[in-house]
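Colleague: What follows is the file final-v5.txt, containing compact mmCIF, C-alpha atoms and all ligand atoms:
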```txt
# COMPACT_ATOMS: atom_id res chain seq x y z
CA MET A 1 0.00 0.00 0.00
CA ASP A 2 1.31 3.47 -0.90
CA PHE A 3 0.10 5.64 1.96
CA ARG A 4 0.75 8.76 -0.13
CA ASP A 5 -2.36 7.91 -2.19
CA TYR A 6 -4.34 8.86 0.95
CA ILE A 7 -2.70 12.21 1.73
CA THR A 8 -4.09 15.46 0.32
CA ASN A 9 -1.75 18.41 -0.11
CA VAL A 10 -3.41 21.71 0.78
CA PRO A 11 -1.36 24.74 -0.40
CA ASP A 12 -1.23 27.86 1.78
CA PHE A 13 -2.91 26.36 4.86
CA PRO A 14 -3.02 27.55 7.63
CA ILE A 15 -0.85 30.44 6.37
CA PRO A 16 0.62 31.34 2.94
CA GLY A 17 3.65 29.26 1.96
CA ILE A 18 2.78 26.13 3.98
CA GLN A 19 2.06 22.93 2.04
CA PHE A 20 -0.30 21.33 4.55
CA LYS A 21 -0.43 17.53 4.48
CA ASP A 22 -3.99 16.49 5.27
CA ILE A 23 -4.14 13.00 6.80
CA THR A 24 -7.94 12.87 7.10
CA PRO A 25 -8.39 10.78 3.88
CA LEU A 26 -5.94 8.23 5.31
CA ILE A 27 -7.58 7.94 8.72
CA GLY A 28 -10.96 7.99 6.97
CA ASP A 29 -10.12 4.78 5.11
CA GLY A 30 -10.43 1.70 7.32
CA GLU A 31 -7.81 -0.40 5.51
CA ALA A 32 -5.24 2.39 5.23
CA PHE A 33 -5.72 3.53 8.84
CA HIS A 34 -5.42 -0.03 10.14
CA GLN A 35 -2.30 -0.72 8.07
CA ALA A 36 -0.66 2.52 9.22
CA ILE A 37 -1.42 1.80 12.89
CA MET A 38 -0.15 -1.78 12.59
CA GLU A 39 3.18 -0.65 11.08
CA LEU A 40 3.74 1.84 13.90
CA THR A 41 2.64 -0.78 16.45
CA GLN A 42 5.17 -3.30 15.11
CA PHE A 43 7.91 -0.66 15.34
CA SER A 44 6.92 0.06 18.96
CA ALA A 45 6.69 -3.65 19.85
CA ASP A 46 10.18 -4.28 18.45
CA LEU A 47 11.47 -1.55 20.81
CA LYS A 48 9.65 -3.14 23.77
CA ALA A 49 7.80 0.09 24.50
CA ASN A 50 5.33 0.01 27.41
CA LYS A 51 4.08 3.61 27.03
CA VAL A 52 2.99 5.56 23.96
CA ILE A 53 2.84 9.34 23.92
CA GLY A 54 0.90 11.39 21.40
CA PRO A 55 1.24 15.17 21.25
CA ASP A 56 -1.94 17.27 21.02
CA ALA A 57 -3.93 16.85 18.80
CA ARG A 58 -3.17 14.67 15.80
CA GLY A 59 -0.75 12.64 17.89
CA PHE A 60 -3.81 11.48 19.87
CA ILE A 61 -5.47 10.09 16.73
CA ILE A 62 -2.47 7.96 15.86
CA GLY A 63 -0.80 7.34 19.21
CA ALA A 64 -3.86 6.07 21.09
CA PRO A 65 -4.68 3.19 18.68
CA VAL A 66 -0.99 2.22 18.60
CA ALA A 67 -0.97 2.09 22.42
CA CYS A 68 -4.16 0.02 22.47
CA ALA A 69 -2.88 -2.47 19.87
CA LEU A 70 0.34 -2.78 21.87
CA LYS A 71 -1.48 -3.12 25.19
CA ALA A 72 0.69 -0.20 26.33
CA GLY A 73 -0.45 2.84 28.28
CA PHE A 74 -1.21 6.07 26.43
CA ILE A 75 -0.03 9.45 27.76
CA PRO A 76 -1.50 12.65 26.29
CA VAL A 77 0.86 15.60 25.91
CA ARG A 78 -1.34 18.68 25.67
CA LYS A 79 -1.51 22.41 25.17
CA PRO A 80 -1.52 24.54 28.36
CA GLY A 81 -4.66 24.62 30.47
CA LYS A 82 -6.06 21.26 29.37
CA LEU A 83 -4.59 18.80 31.87
CA PRO A 84 -6.28 18.98 35.29
CA ARG A 85 -3.38 18.12 37.60
CA GLU A 86 0.20 19.28 38.14
CA VAL A 87 2.17 19.43 34.87
CA ILE A 88 5.66 19.89 33.54
CA ARG A 89 5.83 22.20 30.49
CA TYR A 90 8.13 23.03 27.58
CA ASP A 91 8.05 25.99 25.13
CA TYR A 92 9.27 25.67 21.52
CA GLU A 93 9.06 27.04 17.93
CA LEU A 94 6.86 25.47 15.22
CA GLU A 95 7.21 25.52 11.40
CA TYR A 96 4.53 28.18 11.77
CA GLY A 97 4.19 29.96 15.13
CA LYS A 98 5.05 28.96 18.70
CA ASN A 99 3.70 26.33 21.06
CA THR A 100 3.88 25.04 24.62
CA LEU A 101 3.35 21.40 25.58
CA CYS A 102 2.44 20.01 28.99
CA MET A 103 2.37 16.54 30.51
CA HIS A 104 1.11 15.37 33.90
CA LYS A 105 4.06 15.33 36.26
CA ASP A 106 3.34 11.77 37.41
CA ALA A 107 2.56 10.30 33.96
CA ILE A 108 5.92 8.58 33.54
CA LYS A 109 6.92 5.79 35.92
CA LYS A 110 10.52 4.77 36.62
CA GLY A 111 11.73 2.35 33.94
CA ASP A 112 9.07 3.28 31.39
CA ARG A 113 10.08 2.69 27.77
CA VAL A 114 8.37 5.38 25.74
CA VAL A 115 7.57 5.63 22.04
CA ILE A 116 6.35 9.04 20.85
CA ILE A 117 3.97 9.01 17.89
CA ASP A 118 2.84 12.00 15.81
CA ASP A 119 1.29 12.59 12.40
CA LEU A 120 4.13 14.54 10.83
CA LEU A 121 7.80 15.40 11.28
CA ALA A 122 8.46 18.95 10.04
CA THR A 123 11.12 20.96 11.92
CA GLY A 124 11.22 18.39 14.73
CA GLY A 125 10.39 21.02 17.36
CA THR A 126 7.26 19.25 18.62
CA MET A 127 9.09 15.96 18.94
CA GLU A 128 12.11 17.55 20.58
CA ALA A 129 9.86 19.25 23.12
CA THR A 130 8.04 16.00 23.85
CA ILE A 131 11.34 14.13 24.29
CA LYS A 132 12.46 16.81 26.76
CA LEU A 133 9.25 16.37 28.77
CA VAL A 134 9.63 12.57 28.93
CA GLU A 135 13.30 12.72 29.88
CA ALA A 136 12.69 15.44 32.50
CA ALA A 137 10.09 13.10 34.00
CA GLY A 138 12.60 10.21 34.14
CA GLY A 139 11.36 8.17 31.17
CA LYS A 140 13.47 6.55 28.46
CA VAL A 141 12.53 7.48 24.89
CA VAL A 142 13.14 4.31 22.86
CA GLY A 143 11.70 5.44 19.51
CA LEU A 144 9.80 8.02 17.47
CA GLY A 145 7.08 7.20 14.94
CA PHE A 146 5.44 9.41 12.30
CA MET A 147 3.09 8.95 9.40
CA ILE A 148 4.84 11.66 7.34
CA GLU A 149 8.30 13.21 7.16
CA LEU A 150 8.91 16.52 5.34
CA VAL A 151 12.50 15.70 4.41
CA GLU A 152 13.60 19.20 3.35
CA LEU A 153 12.92 20.63 6.82
CA ASN A 154 15.52 18.21 8.22
CA GLY A 155 13.74 17.64 11.53
CA ARG A 156 15.91 14.55 12.03
CA LYS A 157 18.88 16.70 12.96
CA LYS A 158 17.08 17.57 16.22
CA LEU A 159 16.34 13.88 16.89
CA LYS A 160 19.75 12.27 16.54
CA GLY A 161 20.28 9.02 18.43
CA TYR A 162 16.62 7.97 18.53
CA PRO A 163 15.25 5.18 16.26
CA ILE A 164 12.75 6.76 13.83
CA LYS A 165 9.99 5.12 11.80
CA VAL A 166 8.15 7.06 9.08
CA LEU A 167 5.47 5.65 6.78
CA MET A 168 6.03 8.15 3.95
CA GLN A 169 8.33 10.99 2.96
CA TYR A 170 7.82 14.20 0.97
P1 LIG A 201 7.35 20.34 13.83
O1 LIG A 201 7.34 20.61 15.29
O2 LIG A 201 7.85 21.50 13.03
O3 LIG A 201 8.05 19.04 13.46
O4 LIG A 201 5.84 20.23 13.38
C1 LIG A 201 5.15 19.09 13.62
C2 LIG A 201 3.72 19.34 13.95
O5 LIG A 201 3.12 20.44 13.25
C3 LIG A 201 2.99 18.09 13.57
O6 LIG A 201 2.41 17.59 14.74
C4 LIG A 201 1.97 18.50 12.56
O7 LIG A 201 0.72 18.22 13.10
C5 LIG A 201 2.12 19.99 12.33
N1 LIG A 201 2.61 20.36 10.99
C6 LIG A 201 3.75 21.05 10.71
N2 LIG A 201 3.89 21.23 9.40
C7 LIG A 201 2.85 20.65 8.81
C8 LIG A 201 2.43 20.47 7.45
N3 LIG A 201 3.16 20.97 6.42
N4 LIG A 201 1.30 19.78 7.21
C9 LIG A 201 0.58 19.28 8.25
N5 LIG A 201 0.90 19.41 9.53
C10 LIG A 201 2.01 20.08 9.84
```
Turn this file's structure into structure tokens for me.

Modeller:
Amino acid sequence: MDFRDYITNVPDFPIPGIQFKDITPLIGDGEAFHQAIMELTQFSADLKANKVIGPDARGFIIGAPVACALKAGFIPVRKPGKLPREVIRYDYELEYGKNTLCMHKDAIKKGDRVVIIDDLLATGGTMEATIKLVEAAGGKVVGLGFMIELVELNGRKKLKGYPIKVLMQY
């Protein structure tokens, strides 16, 4: 299956100059969604992950089914003001704009092996921020999974040393 058949490119969204990769046709197709989740689940199983993290919001759509298929726990990493208990937070730059991510302070247990799953690797800022949260909380990041990598933005340079799985590249 070529997952790229299920991605729609939307020019100039959300701001001029951005080629937005819309994953909704992929997750809207039962076969393609299942296949994508299974490939990321196999990657996570091979790394013996026991926790999956998905950054707000598209990371939830992909990370939660991977966690469930793996029988691993799922940890949401969210924008400020959404998590009800004490959080740790990290500020970073996006391909467009700025963002802050938060995680419950007690979400990671000692010895947890964490895979972080998101829809798309662009500059790598979101993933780098999420790694920092996990490591500050005492977790071990064993791998990073994405549906899409925008190769020209070279997000991988921020993620050196971590095993990476991507389902398609642009
Ligand atoms: P980055 O932190 O730069 O790697 O950006 C990754 C996050 O921003 C991903 O979680 C995507 O949801 C979103 N994103 C960045 N660029 C794009 C794009 N061209 N198309 C769709 N989503 C994007």

Colleague: Throw together the list of residues within 10 Å of ligand LIG 201 (chain A), counting all atoms listed in the file, and drop it here as a PyMOL selection string.

Modeller: chain A and resi 8-14+17-23+54-59+92-99+117-130+146+148-150+153-156+158+170

Colleague: Quick one: residues within 7 Å of (4.6, 12.9, 30.0) (file frame), counting only C-alpha atoms, please, as a PyMOL selection string.

Modeller: chain A and resi 75+77+103-105+107-108+133-134+137

Colleague: Just to confirm, what's the straight-line distance from atom CA of A:Lys132 to atom CA of A:Lys157 in Å (one decimal)?

Modeller: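 Those two atoms sit 15.2 Å apart.
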
Colleague: Could you list, as a ChimeraX atom specification, every residue within 9 Å of A:Arg113, counting only C-alpha atoms and ignoring same-chain residues fewer than 2 positions away?

Modeller: /A:47-52,111,115,139-143

Colleague: Selection from above, C-alpha atoms, as a PDB file, keeping the file's coordinate frame, can you write it?

Modeller:
```
ATOM      1  CA  LEU A  47      11.470  -1.550  20.810  1.00  0.00           C
ATOM      2  CA  LYS A  48       9.650  -3.140  23.770  1.00  0.00           C
ATOM      3  CA  ALA A  49       7.800   0.090  24.500  1.00  0.00           C
ATOM      4  CA  ASN A  50       5.330   0.010  27.410  1.00  0.00           C
ATOM      5  CA  LYS A  51       4.080   3.610  27.030  1.00  0.00           C
ATOM      6  CA  VAL A  52       2.990   5.560  23.960  1.00  0.00           C
ATOM      7  CA  GLY A 111      11.730   2.350  33.940  1.00  0.00           C
ATOM      8  CA  VAL A 115       7.570   5.630  22.040  1.00  0.00           C
ATOM      9  CA  GLY A 139      11.360   8.170  31.170  1.00  0.00           C
ATOM     10  CA  LYS A 140      13.470   6.550  28.460  1.00  0.00           C
ATOM     11  CA  VAL A 141      12.530   7.480  24.890  1.00  0.00           C
ATOM     12  CA  VAL A 142      13.140   4.310  22.860  1.00  0.00           C
ATOM     13  CA  GLY A 143      11.700   5.440  19.510  1.00  0.00           C
TER      14      GLY A 143
END
```

Colleague: Taking 6 positions as the minimum chain separation for residues in the same chain, which residues sit within 12 Å of A:Ala36 when counting only C-alpha atoms? Answer as a PyMOL selection string.

Modeller: chain A and resi 1-4+6+23+26-30+42-43+61-63+65-66+69+117+119+145-148+165-168

Colleague: Using atom CA of A:Arg89 and atom CA of A:Lys160 as the two end points, give the distance in Å to one decimal.

Modeller: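 Separating atom CA of A:Arg89 from atom CA of A:Lys160 is a distance of 22.1 Å.
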
Colleague: Enter the distance from atom CA of A:Leu83 to atom CA of A:Ala136, in Å, rounded to one decimal.

Modeller: 17.6 Å

Colleague: Put the listed atoms of stretch 20-39 of chain A in a box along x, y and z with 3 Å added on every side and give me the centre and edge lengths in Å to one decimal, as AutoDock Vina command-line options.

Modeller:
```
--center_x -3.9 --center_y 9.8 --center_z 8.4 --size_x 20.1 --size_y 29.1 --size_z 15.0
```

Colleague: My list of candidates is A:Ile15, A:Val114, A:Leu70, A:Leu101. Which is closest to A:Glu39 when distances are computed with all atoms listed in the file?

Modeller: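 Counting all atoms listed in the file, the residue closest to A:Glu39 is A:Leu70.
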
Colleague: Using all atoms listed in the file, which of the listed residues (A:Phe33, A:Tyr90, A:Phe60, A:Tyr162) sits closest to A:Pro76?

Modeller: A:Phe60

Colleague: Can you put N, CA and C atoms back into stretch 68-82 of chain A and show it as an mmCIF file, keeping the file's coordinate frame?

Modeller:
```cif
data_model
loop_
_atom_site.group_PDB
_atom_site.id
_atom_site.type_symbol
_atom_site.label_atom_id
_atom_site.label_comp_id
_atom_site.auth_asym_id
_atom_site.auth_seq_id
_atom_site.Cartn_x
_atom_site.Cartn_y
_atom_site.Cartn_z
ATOM 1 N N CYS A 68 -3.141 1.051 22.228
ATOM 2 C CA CYS A 68 -4.160 0.020 22.470
ATOM 3 C C CYS A 68 -3.753 -1.296 21.827
ATOM 4 N N ALA A 69 -3.289 -1.246 20.571
ATOM 5 C CA ALA A 69 -2.880 -2.470 19.870
ATOM 6 C C ALA A 69 -1.692 -3.125 20.567
ATOM 7 N N LEU A 70 -0.879 -2.303 21.191
ATOM 8 C CA LEU A 70 0.340 -2.780 21.870
ATOM 9 C C LEU A 70 0.060 -3.238 23.301
ATOM 10 N N LYS A 71 -1.141 -2.955 23.773
ATOM 11 C CA LYS A 71 -1.480 -3.120 25.190
ATOM 12 C C LYS A 71 -0.514 -2.314 26.062
ATOM 13 N N ALA A 72 -0.151 -1.131 25.588
ATOM 14 C CA ALA A 72 0.690 -0.200 26.330
ATOM 15 C C ALA A 72 -0.197 0.936 26.830
ATOM 16 N N GLY A 73 0.298 1.674 27.815
ATOM 17 C CA GLY A 73 -0.450 2.840 28.280
ATOM 18 C C GLY A 73 -0.294 3.999 27.307
ATOM 19 N N PHE A 74 -1.293 4.870 27.257
ATOM 20 C CA PHE A 74 -1.210 6.070 26.430
ATOM 21 C C PHE A 74 -1.124 7.302 27.319
ATOM 22 N N ILE A 75 -0.199 8.206 26.997
ATOM 23 C CA ILE A 75 -0.030 9.450 27.760
ATOM 24 C C ILE A 75 -0.275 10.631 26.831
ATOM 25 N N PRO A 76 -1.294 11.454 27.112
ATOM 26 C CA PRO A 76 -1.500 12.650 26.290
ATOM 27 C C PRO A 76 -0.526 13.756 26.698
ATOM 28 N N VAL A 77 0.084 14.376 25.704
ATOM 29 C CA VAL A 77 0.860 15.600 25.910
ATOM 30 C C VAL A 77 0.030 16.707 25.283
ATOM 31 N N ARG A 78 -0.297 17.738 26.091
ATOM 32 C CA ARG A 78 -1.340 18.680 25.670
ATOM 33 C C ARG A 78 -0.917 20.125 25.729
ATOM 34 N N LYS A 79 -1.727 20.964 25.098
ATOM 35 C CA LYS A 79 -1.510 22.410 25.170
ATOM 36 C C LYS A 79 -1.836 22.893 26.593
ATOM 37 N N PRO A 80 -1.314 24.052 26.980
ATOM 38 C CA PRO A 80 -1.520 24.540 28.360
ATOM 39 C C PRO A 80 -3.004 24.681 28.707
ATOM 40 N N GLY A 81 -3.309 24.401 29.969
ATOM 41 C CA GLY A 81 -4.660 24.620 30.470
ATOM 42 C C GLY A 81 -5.628 23.476 30.252
ATOM 43 N N LYS A 82 -5.161 22.374 29.679
ATOM 44 C CA LYS A 82 -6.060 21.260 29.370
ATOM 45 C C LYS A 82 -5.959 20.122 30.386
#
```
